[in-house]
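Working notes, structure below.
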Amino acid sequence: MPEAPPDERPTLHVEQLGVTYGRALSALRSVSLTVPHGAVVALLGANGAGKTTLLRAVSGTLRLHRGAITAGTVRYGGTDLDGRDPVAAVRAGVVQVPEGRKVFAGLTVDENLRAGRLGLGRGAPTPAGEARDRVFTLFPRLAERTRQAAGLLSGGEQQMLAIGRALMAAPRLLLLDEPSLGLAPRMVDRIAEVIREINAQGTAVLLVEQNAGMALSLADQAHVLEVGELRLSGPAGELARTDAVRRLYLGETSDSRGAA
Ligand code: ATP
């Protein structure tokens, strides 16, 4: 069958998604969400809720972790992404920044950035030089350290490099897995600014975070996952005002609300 023409304003549609690991562990059950073109959507939830699993199902990396889609569909624009591999996702314009930064510690900053072009082939949407310029404009610190081993960068710089590497593929949808994890508050603010800027340049973002305050301040829509199922979904501002989110994810107590 001929490929569908590229969709200029692709939306991510995850419908009724079920995922298991190995033979038994059901990690997601009937999860549906959309990420419209140009939007920021936050996915919140406690440890083990299934947030990373959802990103893996979208980016085609599930199989690398012995997971499998057992129900539902993942579509991005005109492309089916369920059951595909990471190269198919990258070529469709979807790139994941893994949790824990995962830069290649023994390679230089420059080599890490070049790795972000792997799999693009000749259909690259943006020339490498242009993509690199965009990364260095966002992260001037990386431009000053192109020959440094990535393992010697600070935690915040490694997070910048991980995001920069993903941007080298010029994604239209960026999947970010807990970019604030383990970073000092000032660096978290900087990462939030960067996400805003990336989005303002036209890239949609699906943001997995335990830092609900940061995620809800950036997002248009938000979802809360609990043990593999969606519990709450809605505009981020509305979710931030619900009791459950305030108590469980924004760290408020009934006392602190009473005092406000
Ligand atoms: P965290 O915030 O701790 O990263 P999460 O919400 O991203 O949590 P997942 O990592 O998606 O949650 O995990 C969902 C469930 O799937 C958990 O029960 C987890 O133990 C399990 N799981 C995750 N990866 C694997 C794997 N490779 N093999 C088996 N089980 C896994």
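Ligands are numbered from 1 in the order shown, residues from 1 within each chain, and chains are lettered A, B, ... in the order they appear in the structure tokens.
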
*asked:* List as a PyMOL selection string the protein and nucleic acid residues lying within 9 Å of ligand 1, with only C-alpha atoms and all ligand atoms counted.
replied: chain A and resi 19-22+25-28+44-56+62-67+99+177-178+208-210+225-228

_Need to verify the contact set: segment 30-35 of chain A, 10 Å, only C-alpha atoms, exclusion of same-chain residues closer than 5 positions in sequence. Can you return it as a ChimeraX atom specification?_
/A:10-19,40-43,54,71-76,173,204-206,220-223,225,228-231,233

Residue selection dump (N, CA, C and O atoms) as a CSV table (one decimal), in the first residue's frame:
```csv
chain,number,residue,atom,x,y,z
A,10,PRO,N,0.3,17.0,12.5
A,10,PRO,CA,0.0,15.6,13.0
A,10,PRO,C,-0.4,15.6,14.5
A,10,PRO,O,0.2,16.4,15.3
A,11,THR,N,-1.3,14.8,14.8
A,11,THR,CA,-1.8,14.6,16.2
A,11,THR,C,-1.4,13.2,16.6
A,11,THR,O,-1.5,12.3,15.8
A,12,LEU,N,-0.9,13.0,17.8
A,12,LEU,CA,-0.7,11.7,18.4
A,12,LEU,C,-2.0,11.2,19.0
A,12,LEU,O,-2.6,11.9,19.8
A,13,HIS,N,-2.5,10.0,18.5
A,13,HIS,CA,-3.7,9.4,19.1
A,13,HIS,C,-3.3,8.1,19.7
A,13,HIS,O,-2.8,7.1,19.0
A,14,VAL,N,-3.4,8.0,21.0
A,14,VAL,CA,-3.2,6.7,21.7
A,14,VAL,C,-4.6,6.2,22.1
A,14,VAL,O,-5.3,7.0,22.7
A,15,GLU,N,-5.0,5.1,21.6
A,15,GLU,CA,-6.4,4.6,21.8
A,15,GLU,C,-6.4,3.2,22.5
A,15,GLU,O,-5.9,2.3,21.9
A,16,GLN,N,-7.1,3.2,23.6
A,16,GLN,CA,-7.4,1.9,24.3
A,16,GLN,C,-6.1,1.1,24.4
A,16,GLN,O,-6.2,-0.2,24.3
A,17,LEU,N,-5.0,1.7,24.8
A,17,LEU,CA,-3.7,1.0,24.8
A,17,LEU,C,-3.6,0.0,25.9
A,17,LEU,O,-3.8,0.4,27.1
A,18,GLY,N,-3.2,-1.2,25.6
A,18,GLY,CA,-2.8,-2.2,26.7
A,18,GLY,C,-1.4,-2.6,26.4
A,18,GLY,O,-1.0,-2.9,25.3
A,19,VAL,N,-0.6,-2.7,27.5
A,19,VAL,CA,0.8,-3.1,27.4
A,19,VAL,C,1.1,-4.1,28.5
A,19,VAL,O,0.7,-3.9,29.6
A,40,VAL,N,1.4,21.0,24.5
A,40,VAL,CA,2.2,20.4,25.6
A,40,VAL,C,1.2,19.6,26.5
A,40,VAL,O,0.2,20.2,27.0
A,41,VAL,N,1.4,18.3,26.6
A,41,VAL,CA,0.5,17.5,27.4
A,41,VAL,C,1.3,16.8,28.5
A,41,VAL,O,2.4,16.3,28.2
A,42,ALA,N,0.8,16.9,29.7
A,42,ALA,CA,1.6,16.3,30.8
A,42,ALA,C,1.0,15.0,31.3
A,42,ALA,O,-0.3,14.8,31.2
A,43,LEU,N,1.8,14.1,31.6
A,43,LEU,CA,1.4,12.8,32.1
A,43,LEU,C,2.0,12.6,33.5
A,43,LEU,O,3.2,12.6,33.7
A,54,LEU,N,4.2,4.1,28.7
A,54,LEU,CA,3.4,4.8,27.6
A,54,LEU,C,4.3,5.5,26.6
A,54,LEU,O,4.2,5.3,25.4
A,71,ALA,N,-3.1,-4.5,23.2
A,71,ALA,CA,-4.4,-4.0,22.8
A,71,ALA,C,-4.3,-2.5,22.4
A,71,ALA,O,-3.4,-1.8,22.8
A,72,GLY,N,-5.2,-2.1,21.5
A,72,GLY,CA,-5.3,-0.7,21.2
A,72,GLY,C,-4.3,-0.3,20.1
A,72,GLY,O,-3.6,-1.1,19.5
A,73,THR,N,-4.3,1.1,19.8
A,73,THR,CA,-3.5,1.6,18.7
A,73,THR,C,-2.7,2.8,19.1
A,73,THR,O,-3.1,3.6,20.0
A,74,VAL,N,-1.6,3.1,18.4
A,74,VAL,CA,-0.8,4.3,18.5
A,74,VAL,C,-0.7,4.9,17.1
A,74,VAL,O,-0.1,4.2,16.3
A,75,ARG,N,-1.2,6.0,16.9
A,75,ARG,CA,-1.1,6.6,15.5
A,75,ARG,C,-0.6,8.0,15.6
A,75,ARG,O,-0.9,8.8,16.5
A,76,TYR,N,0.3,8.4,14.7
A,76,TYR,CA,0.8,9.8,14.7
A,76,TYR,C,0.6,10.3,13.3
A,76,TYR,O,1.2,9.8,12.3
A,173,LEU,N,7.2,15.9,17.5
A,173,LEU,CA,6.7,15.5,18.8
A,173,LEU,C,7.9,15.0,19.7
A,173,LEU,O,8.6,14.1,19.3
A,204,ALA,N,5.5,19.8,19.5
A,204,ALA,CA,4.6,19.3,20.5
A,204,ALA,C,5.4,18.5,21.6
A,204,ALA,O,6.5,18.0,21.2
A,205,VAL,N,4.9,18.5,22.8
A,205,VAL,CA,5.7,17.8,23.9
A,205,VAL,C,4.7,16.9,24.7
A,205,VAL,O,3.7,17.4,25.1
A,206,LEU,N,5.1,15.7,24.9
A,206,LEU,CA,4.4,14.8,25.8
A,206,LEU,C,5.4,14.7,27.0
A,206,LEU,O,6.5,14.1,26.9
A,220,ASP,N,-0.9,22.2,28.4
A,220,ASP,CA,-2.3,22.6,28.1
A,220,ASP,C,-3.2,21.6,28.7
A,220,ASP,O,-4.2,22.0,29.3
A,221,GLN,N,-2.9,20.3,28.4
A,221,GLN,CA,-3.8,19.2,28.9
A,221,GLN,C,-2.9,18.4,29.9
A,221,GLN,O,-1.7,18.3,29.7
A,222,ALA,N,-3.6,17.7,30.8
A,222,ALA,CA,-2.8,16.8,31.7
A,222,ALA,C,-3.6,15.5,32.0
A,222,ALA,O,-4.9,15.5,31.9
A,223,HIS,N,-2.9,14.5,32.3
A,223,HIS,CA,-3.5,13.2,32.6
A,223,HIS,C,-2.8,12.6,33.8
A,223,HIS,O,-1.6,12.8,34.0
A,225,LEU,N,-2.1,9.0,35.7
A,225,LEU,CA,-2.1,7.6,35.6
A,225,LEU,C,-2.0,7.0,37.0
A,225,LEU,O,-1.2,7.5,37.8
A,228,GLY,N,-1.5,1.9,36.0
A,228,GLY,CA,-1.8,1.4,34.6
A,228,GLY,C,-3.0,1.9,34.0
A,228,GLY,O,-3.3,1.6,32.9
A,229,GLU,N,-3.8,2.7,34.7
A,229,GLU,CA,-5.1,3.2,34.2
A,229,GLU,C,-5.2,4.7,34.3
A,229,GLU,O,-4.7,5.3,35.3
A,230,LEU,N,-5.8,5.4,33.4
A,230,LEU,CA,-6.0,6.8,33.5
A,230,LEU,C,-7.1,7.1,34.5
A,230,LEU,O,-8.2,6.6,34.4
A,231,ARG,N,-6.7,8.0,35.5
A,231,ARG,CA,-7.7,8.3,36.5
A,231,ARG,C,-8.3,9.7,36.3
A,231,ARG,O,-9.5,9.9,36.6
A,233,SER,N,-8.2,13.3,33.6
A,233,SER,CA,-7.8,14.0,32.4
A,233,SER,C,-8.5,15.3,32.3
A,233,SER,O,-9.6,15.4,32.6
```

Run DSSP on the backbone and grab whatever in segment 116-195 of chain A lands in alpha helix (DSSP H); send it over as a CSV table (one decimal) with all heavy atoms, in the first residue's frame.
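Final output, result_21.csv:
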```csv
chain,number,residue,atom,x,y,z
A,128,ALA,N,21.8,18.7,9.2
A,128,ALA,CA,22.4,18.5,10.5
A,128,ALA,C,22.9,19.9,11.0
A,128,ALA,O,22.8,20.1,12.2
A,128,ALA,CB,23.6,17.5,10.4
A,129,GLY,N,23.5,20.7,10.1
A,129,GLY,CA,24.1,22.0,10.6
A,129,GLY,C,23.0,22.9,11.2
A,129,GLY,O,23.2,23.5,12.2
A,130,GLU,N,21.9,22.9,10.6
A,130,GLU,CA,20.8,23.7,11.1
A,130,GLU,C,20.2,23.2,12.4
A,130,GLU,O,20.0,24.0,13.3
A,130,GLU,CB,19.6,23.6,10.0
A,130,GLU,CG,18.7,24.8,10.0
A,130,GLU,CD,17.7,24.7,8.9
A,130,GLU,OE1,18.1,24.7,7.7
A,130,GLU,OE2,16.5,24.5,9.2
A,131,ALA,N,20.1,21.9,12.5
A,131,ALA,CA,19.7,21.3,13.8
A,131,ALA,C,20.7,21.6,14.9
A,131,ALA,O,20.3,21.9,16.0
A,131,ALA,CB,19.5,19.8,13.6
A,132,ARG,N,21.9,21.5,14.6
A,132,ARG,CA,23.0,21.7,15.6
A,132,ARG,C,22.9,23.2,16.0
A,132,ARG,O,23.1,23.5,17.2
A,132,ARG,CB,24.3,21.4,15.0
A,132,ARG,CG,25.5,21.5,16.0
A,132,ARG,CD,26.8,21.3,15.2
A,132,ARG,NE,26.8,20.1,14.4
A,132,ARG,CZ,27.3,19.0,14.7
A,132,ARG,NH1,27.9,18.8,15.9
A,132,ARG,NH2,27.2,17.9,13.9
A,133,ASP,N,22.8,24.1,15.1
A,133,ASP,CA,22.7,25.6,15.4
A,133,ASP,C,21.5,25.8,16.4
A,133,ASP,O,21.6,26.6,17.3
A,133,ASP,CB,22.5,26.4,14.2
A,133,ASP,CG,23.7,26.5,13.3
A,133,ASP,OD1,24.8,26.0,13.8
A,133,ASP,OD2,23.6,26.9,12.2
A,134,ARG,N,20.4,25.1,16.1
A,134,ARG,CA,19.3,25.3,17.0
A,134,ARG,C,19.6,24.8,18.4
A,134,ARG,O,19.2,25.5,19.4
A,134,ARG,CB,18.1,24.5,16.4
A,134,ARG,CG,16.8,24.7,17.2
A,134,ARG,CD,15.7,23.8,16.6
A,134,ARG,NE,14.5,23.8,17.4
A,134,ARG,CZ,13.6,22.9,17.5
A,134,ARG,NH1,13.8,21.8,16.7
A,134,ARG,NH2,12.5,23.0,18.2
A,135,VAL,N,20.3,23.7,18.5
A,135,VAL,CA,20.6,23.1,19.8
A,135,VAL,C,21.6,24.1,20.5
A,135,VAL,O,21.4,24.4,21.7
A,135,VAL,CB,21.3,21.7,19.6
A,135,VAL,CG1,21.9,21.3,20.9
A,135,VAL,CG2,20.3,20.7,19.1
A,136,PHE,N,22.5,24.6,19.8
A,136,PHE,CA,23.5,25.5,20.5
A,136,PHE,C,22.9,26.9,20.9
A,136,PHE,O,23.3,27.5,21.8
A,136,PHE,CB,24.7,25.7,19.6
A,136,PHE,CG,25.6,24.5,19.5
A,136,PHE,CD1,26.5,24.3,18.4
A,136,PHE,CD2,25.6,23.5,20.5
A,136,PHE,CE1,27.3,23.1,18.4
A,136,PHE,CE2,26.3,22.3,20.4
A,136,PHE,CZ,27.2,22.2,19.4
A,137,THR,N,21.9,27.3,20.1
A,137,THR,CA,21.2,28.5,20.5
A,137,THR,C,20.4,28.3,21.8
A,137,THR,O,20.4,29.1,22.7
A,137,THR,CB,20.2,29.0,19.4
A,137,THR,OG1,21.0,29.1,18.2
A,137,THR,CG2,19.6,30.3,19.7
A,138,LEU,N,19.8,27.1,21.9
A,138,LEU,CA,19.0,26.8,23.1
A,138,LEU,C,20.0,26.5,24.3
A,138,LEU,O,19.7,26.9,25.4
A,138,LEU,CB,18.2,25.5,22.9
A,138,LEU,CG,16.8,25.6,22.4
A,138,LEU,CD1,16.3,24.2,22.1
A,138,LEU,CD2,15.9,26.4,23.3
A,140,PRO,N,23.7,27.3,25.0
A,140,PRO,CA,25.0,27.8,24.7
A,140,PRO,C,26.2,27.0,25.4
A,140,PRO,O,27.3,26.9,24.9
A,140,PRO,CB,25.0,29.2,25.1
A,140,PRO,CG,23.5,29.6,25.3
A,140,PRO,CD,22.8,28.3,25.5
A,141,ARG,N,25.8,26.5,26.6
A,141,ARG,CA,26.8,25.7,27.4
A,141,ARG,C,27.4,24.5,26.6
A,141,ARG,O,28.5,24.1,26.8
A,141,ARG,CB,26.3,25.3,28.7
A,141,ARG,CG,26.4,26.3,29.8
A,141,ARG,CD,26.4,25.6,31.1
A,141,ARG,NE,25.3,26.2,31.9
A,141,ARG,CZ,24.9,25.8,33.1
A,141,ARG,NH1,25.6,24.8,33.6
A,141,ARG,NH2,24.0,26.4,33.7
A,142,LEU,N,26.5,23.9,25.8
A,142,LEU,CA,26.9,22.7,25.1
A,142,LEU,C,27.9,23.2,23.9
A,142,LEU,O,28.9,22.5,23.6
A,142,LEU,CB,25.7,22.0,24.4
A,142,LEU,CG,24.8,21.3,25.4
A,142,LEU,CD1,23.7,20.6,24.6
A,142,LEU,CD2,25.5,20.4,26.4
A,143,ALA,N,27.6,24.4,23.4
A,143,ALA,CA,28.5,24.9,22.3
A,143,ALA,C,29.9,25.1,22.8
A,143,ALA,O,30.9,24.9,22.1
A,143,ALA,CB,27.9,26.2,21.8
A,155,GLY,N,24.9,17.2,36.0
A,155,GLY,CA,23.6,16.6,35.8
A,155,GLY,C,22.7,17.4,34.9
A,155,GLY,O,22.1,16.9,34.0
A,156,GLY,N,22.7,18.7,35.2
A,156,GLY,CA,21.9,19.6,34.4
A,156,GLY,C,22.3,19.7,32.9
A,156,GLY,O,21.5,19.7,32.0
A,157,GLU,N,23.7,19.7,32.8
A,157,GLU,CA,24.2,19.8,31.4
A,157,GLU,C,23.9,18.5,30.6
A,157,GLU,O,23.7,18.5,29.4
A,157,GLU,CB,25.7,20.0,31.4
A,157,GLU,CG,26.0,21.5,31.9
A,157,GLU,CD,27.5,21.6,32.3
A,157,GLU,OE1,28.2,20.6,32.4
A,157,GLU,OE2,27.9,22.8,32.6
A,158,GLN,N,24.0,17.3,31.4
A,158,GLN,CA,23.7,16.1,30.7
A,158,GLN,C,22.2,16.0,30.3
A,158,GLN,O,21.9,15.5,29.2
A,158,GLN,CB,24.0,14.9,31.6
A,158,GLN,CG,25.5,14.7,31.8
A,158,GLN,CD,25.8,13.4,32.6
A,158,GLN,OE1,25.0,12.5,32.7
A,158,GLN,NE2,27.0,13.4,33.2
A,159,GLN,N,21.3,16.6,31.1
A,159,GLN,CA,19.9,16.6,30.7
A,159,GLN,C,19.8,17.5,29.4
A,159,GLN,O,19.0,17.2,28.5
A,159,GLN,CB,19.0,17.2,31.8
A,159,GLN,CG,17.6,17.2,31.5
A,159,GLN,CD,17.0,15.8,31.2
A,159,GLN,OE1,16.9,15.0,32.1
A,159,GLN,NE2,16.6,15.5,30.0
A,160,MET,N,20.5,18.6,29.4
A,160,MET,CA,20.5,19.5,28.2
A,160,MET,C,21.0,18.7,27.0
A,160,MET,O,20.4,18.8,25.9
A,160,MET,CB,21.3,20.7,28.4
A,160,MET,CG,20.8,21.7,29.4
A,160,MET,SD,21.9,23.0,29.7
A,160,MET,CE,21.0,23.9,31.0
A,161,LEU,N,22.1,17.9,27.2
A,161,LEU,CA,22.6,17.2,26.1
A,161,LEU,C,21.6,16.1,25.6
A,161,LEU,O,21.4,15.9,24.4
A,161,LEU,CB,23.9,16.5,26.5
A,161,LEU,CG,24.6,15.7,25.4
A,161,LEU,CD1,24.9,16.5,24.1
A,161,LEU,CD2,26.0,15.1,25.9
A,162,ALA,N,20.9,15.5,26.5
A,162,ALA,CA,20.0,14.5,26.2
A,162,ALA,C,18.8,15.1,25.3
A,162,ALA,O,18.4,14.5,24.3
A,162,ALA,CB,19.4,13.8,27.4
A,163,ILE,N,18.4,16.3,25.7
A,163,ILE,CA,17.3,17.0,25.0
A,163,ILE,C,17.9,17.4,23.6
A,163,ILE,O,17.3,17.3,22.6
A,163,ILE,CB,16.8,18.2,25.8
A,163,ILE,CG1,16.1,17.7,27.1
A,163,ILE,CG2,15.8,19.0,24.9
A,163,ILE,CD1,15.6,18.8,28.0
A,164,GLY,N,19.1,18.0,23.7
A,164,GLY,CA,19.8,18.4,22.5
A,164,GLY,C,19.9,17.3,21.4
A,164,GLY,O,19.7,17.5,20.2
A,165,ARG,N,20.3,16.1,21.9
A,165,ARG,CA,20.5,15.0,21.0
A,165,ARG,C,19.2,14.6,20.3
A,165,ARG,O,19.1,14.4,19.2
A,165,ARG,CB,21.0,13.8,21.8
A,165,ARG,CG,21.4,12.6,21.0
A,165,ARG,CD,22.0,11.5,21.8
A,165,ARG,NE,21.0,11.1,22.9
A,165,ARG,CZ,21.3,10.3,23.9
A,165,ARG,NH1,22.5,9.9,24.1
A,165,ARG,NH2,20.4,10.0,24.8
A,166,ALA,N,18.1,14.7,21.1
A,166,ALA,CA,16.8,14.4,20.5
A,166,ALA,C,16.4,15.5,19.5
A,166,ALA,O,15.8,15.1,18.4
A,166,ALA,CB,15.7,14.3,21.6
A,167,LEU,N,16.8,16.7,19.8
A,167,LEU,CA,16.4,17.8,18.8
A,167,LEU,C,17.2,17.7,17.5
A,167,LEU,O,16.8,18.3,16.5
A,167,LEU,CB,16.6,19.2,19.5
A,167,LEU,CG,15.7,19.5,20.7
A,167,LEU,CD1,16.1,20.9,21.2
A,167,LEU,CD2,14.3,19.5,20.2
A,185,PRO,N,16.7,23.1,42.0
A,185,PRO,CA,15.5,24.0,41.6
A,185,PRO,C,15.9,25.0,40.5
A,185,PRO,O,15.1,25.2,39.5
A,185,PRO,CB,15.1,24.7,42.9
A,185,PRO,CG,15.6,23.8,44.0
A,185,PRO,CD,16.8,23.1,43.4
A,186,ARG,N,17.0,25.6,40.5
A,186,ARG,CA,17.3,26.5,39.4
A,186,ARG,C,17.4,25.9,38.1
A,186,ARG,O,17.1,26.4,37.0
A,186,ARG,CB,18.6,27.3,39.7
A,186,ARG,CG,18.3,28.6,40.4
A,186,ARG,CD,19.6,29.4,40.7
A,186,ARG,NE,20.5,29.5,39.6
A,186,ARG,CZ,21.7,30.0,39.7
A,186,ARG,NH1,22.2,30.3,40.9
A,186,ARG,NH2,22.5,30.1,38.7
A,187,MET,N,18.0,24.7,38.1
A,187,MET,CA,18.2,23.9,36.8
A,187,MET,C,16.8,23.4,36.3
A,187,MET,O,16.5,23.4,35.1
A,187,MET,CB,19.1,22.7,37.0
A,187,MET,CG,19.5,22.0,35.8
A,187,MET,SD,20.1,23.1,34.4
A,187,MET,CE,21.8,23.5,35.0
A,188,VAL,N,15.9,23.1,37.3
A,188,VAL,CA,14.5,22.7,36.9
A,188,VAL,C,13.8,23.9,36.2
A,188,VAL,O,13.2,23.7,35.2
A,188,VAL,CB,13.7,22.3,38.1
A,188,VAL,CG1,12.3,22.0,37.8
A,188,VAL,CG2,14.3,21.0,38.8
A,189,ASP,N,14.0,25.1,36.7
A,189,ASP,CA,13.4,26.3,36.1
A,189,ASP,C,14.0,26.5,34.7
A,189,ASP,O,13.3,26.8,33.8
A,189,ASP,CB,13.7,27.5,36.9
A,189,ASP,CG,13.0,27.5,38.3
A,189,ASP,OD1,12.1,26.7,38.4
A,189,ASP,OD2,13.4,28.3,39.1
A,190,ARG,N,15.3,26.2,34.6
A,190,ARG,CA,15.9,26.4,33.2
A,190,ARG,C,15.4,25.4,32.2
A,190,ARG,O,15.1,25.7,31.1
A,190,ARG,CB,17.4,26.3,33.4
A,190,ARG,CG,18.2,26.3,32.1
A,190,ARG,CD,18.3,27.7,31.5
A,190,ARG,NE,18.8,27.7,30.2
A,190,ARG,CZ,18.1,28.0,29.1
A,190,ARG,NH1,16.9,28.5,29.2
A,190,ARG,NH2,18.6,27.9,27.9
A,191,ILE,N,15.2,24.1,32.7
A,191,ILE,CA,14.7,23.1,31.8
A,191,ILE,C,13.2,23.5,31.4
A,191,ILE,O,12.8,23.3,30.3
A,191,ILE,CB,14.7,21.7,32.5
A,191,ILE,CG1,16.2,21.3,32.8
A,191,ILE,CG2,14.0,20.6,31.7
A,191,ILE,CD1,17.0,20.9,31.5
A,192,ALA,N,12.5,24.0,32.4
A,192,ALA,CA,11.1,24.4,32.1
A,192,ALA,C,11.1,25.5,31.0
A,192,ALA,O,10.3,25.4,30.0
A,192,ALA,CB,10.4,24.9,33.3
A,193,GLU,N,12.0,26.4,31.1
A,193,GLU,CA,12.1,27.5,30.1
A,193,GLU,C,12.4,26.9,28.7
A,193,GLU,O,11.8,27.3,27.7
A,193,GLU,CB,13.3,28.4,30.4
A,193,GLU,CG,12.9,29.7,31.2
A,193,GLU,CD,14.3,30.4,31.6
A,193,GLU,OE1,15.2,30.5,30.7
A,193,GLU,OE2,14.4,30.8,32.7
A,194,VAL,N,13.3,26.0,28.7
A,194,VAL,CA,13.7,25.3,27.5
A,194,VAL,C,12.5,24.6,26.8
A,194,VAL,O,12.3,24.7,25.6
A,194,VAL,CB,14.9,24.4,27.7
A,194,VAL,CG1,15.1,23.4,26.6
A,194,VAL,CG2,16.2,25.1,27.9
A,195,ILE,N,11.8,23.9,27.7
A,195,ILE,CA,10.6,23.2,27.1
A,195,ILE,C,9.6,24.2,26.5
A,195,ILE,O,9.1,24.0,25.4
A,195,ILE,CB,9.9,22.3,28.2
A,195,ILE,CG1,10.9,21.2,28.7
A,195,ILE,CG2,8.6,21.7,27.7
A,195,ILE,CD1,10.4,20.5,29.9
```

*asked:* Between atom CA of Thr146 of chain A and atom CA of Leu113 of chain A, what is the distance in Å, rounded to a tenth?
replied: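 We find that atom CA of Thr146 of chain A and atom CA of Leu113 of chain A lie 9.1 Å from each other.
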
*asked:* For the strand (DSSP E) assignment from backbone DSSP, which residues of segment 108-241 of chain A qualify? Please present them as a ChimeraX atom specification.
replied: /A:173-177,204-209,221-226,229-235

Would you mind exporting C-alpha atoms of the selected residues as a PDB file, in the first residue's frame?
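The result, stored in selection00.pdb:
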```pdb
ATOM      1  CA  LEU A 173       6.711  15.537  18.835  1.00  0.00           C
ATOM      2  CA  LEU A 174       9.184  15.292  21.713  1.00  0.00           C
ATOM      3  CA  LEU A 175       8.618  12.687  24.429  1.00  0.00           C
ATOM      4  CA  LEU A 176      10.279  13.821  27.644  1.00  0.00           C
ATOM      5  CA  ASP A 177      10.666  11.378  30.543  1.00  0.00           C
ATOM      6  CA  ALA A 204       4.619  19.310  20.528  1.00  0.00           C
ATOM      7  CA  VAL A 205       5.675  17.815  23.873  1.00  0.00           C
ATOM      8  CA  LEU A 206       4.421  14.837  25.843  1.00  0.00           C
ATOM      9  CA  LEU A 207       5.918  15.463  29.264  1.00  0.00           C
ATOM     10  CA  VAL A 208       6.154  12.748  31.915  1.00  0.00           C
ATOM     11  CA  GLU A 209       6.891  14.254  35.305  1.00  0.00           C
ATOM     12  CA  GLN A 221      -3.764  19.232  28.929  1.00  0.00           C
ATOM     13  CA  ALA A 222      -2.823  16.791  31.662  1.00  0.00           C
ATOM     14  CA  HIS A 223      -3.537  13.182  32.597  1.00  0.00           C
ATOM     15  CA  VAL A 224      -3.009  11.251  35.802  1.00  0.00           C
ATOM     16  CA  LEU A 225      -2.101   7.556  35.574  1.00  0.00           C
ATOM     17  CA  GLU A 226      -2.678   5.240  38.508  1.00  0.00           C
ATOM     18  CA  GLU A 229      -5.066   3.222  34.162  1.00  0.00           C
ATOM     19  CA  LEU A 230      -5.979   6.843  33.498  1.00  0.00           C
ATOM     20  CA  ARG A 231      -7.695   8.304  36.549  1.00  0.00           C
ATOM     21  CA  LEU A 232      -8.036  11.976  35.614  1.00  0.00           C
ATOM     22  CA  SER A 233      -7.754  13.958  32.400  1.00  0.00           C
ATOM     23  CA  GLY A 234      -8.441  17.574  31.571  1.00  0.00           C
ATOM     24  CA  PRO A 235      -7.053  21.048  31.003  1.00  0.00           C
TER      25      PRO A 235
END
```

*For Ser180 of chain A, which residue out of A:Leu153, A:Met168, A:Val103, A:Ala215 is the nearest one, using only C-alpha atoms?*
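With only C-alpha atoms as the atom set, the closest residue is A:Ala215.
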
*Figure out the distance between atom CA of Ala115 of chain A and atom CA of Gly77 of chain A, please, to one decimal in Å.*
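Taking atom CA of Gly77 of chain A as the start and atom CA of Ala115 of chain A as the end point, the length is 25.4 Å.
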
*Considering only C-alpha atoms, state which residue in the set A:Ala200, A:Ala219, A:Ala169, A:Met214 is at the smallest distance from Val90 of chain A.*
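Smallest distance to Val90 of chain A is found for A:Ala169.
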
_Gly119 of chain A environment, 12 Å, only C-alpha atoms, sequence neighbours closer than 4 positions dropped, as a PyMOL selection string_ = chain A and resi 85-93+95+114-115+123-124+168-169

Store the residues picked out above, limited to C-alpha atoms, as a PDB file, in the first residue's frame.
```pdb
ATOM      1  CA  ASP A  85      10.590   0.232  15.846  1.00  0.00           C
ATOM      2  CA  PRO A  86      12.345   3.403  17.067  1.00  0.00           C
ATOM      3  CA  VAL A  87      13.605   4.245  13.572  1.00  0.00           C
ATOM      4  CA  ALA A  88      10.023   4.338  12.270  1.00  0.00           C
ATOM      5  CA  ALA A  89       9.044   6.686  15.100  1.00  0.00           C
ATOM      6  CA  VAL A  90      12.038   8.987  14.502  1.00  0.00           C
ATOM      7  CA  ARG A  91      11.270   9.101  10.787  1.00  0.00           C
ATOM      8  CA  ALA A  92       7.670   9.985  11.575  1.00  0.00           C
ATOM      9  CA  GLY A  93       8.985  12.885  13.708  1.00  0.00           C
ATOM     10  CA  VAL A  95      11.690  11.257  19.459  1.00  0.00           C
ATOM     11  CA  ARG A 114      25.655  13.308  16.005  1.00  0.00           C
ATOM     12  CA  ALA A 115      24.117  10.118  17.422  1.00  0.00           C
ATOM     13  CA  GLY A 123      14.691  11.851   4.545  1.00  0.00           C
ATOM     14  CA  ALA A 124      16.016  14.133   7.316  1.00  0.00           C
ATOM     15  CA  MET A 168      19.082  16.840  16.315  1.00  0.00           C
ATOM     16  CA  ALA A 169      16.388  14.708  14.631  1.00  0.00           C
TER      17      ALA A 169
END
```

*Have a look at A:Arg9, A:Arg172, A:Arg101, A:Arg29 and name the one nearest to Thr203 of chain A; count only C-alpha atoms.*
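The answer is A:Arg172, which sits nearest to Thr203 of chain A.
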
*Selection: 6 Å around segment 149-152 of chain A, only C-alpha atoms, excl. self and same-chain fewer than 3 positions, as a ChimeraX atom specification*: /A:105-109

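Between Phe139 of chain A and the residues A:Glu197, A:Arg117, A:Gly213, A:Leu218, the shortest atom-to-atom distance, using only C-alpha atoms, involves A:Glu197.
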
*Residue nearest Phe104 of chain A - candidates A:Ser59, A:Thr242, A:Asn211, A:Gln148, atoms counted: only C-alpha atoms*: A:Gln148

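Straight-line separation from atom CA of Gln96 of chain A to atom CA of Gly78 of chain A: 19.2 Å.
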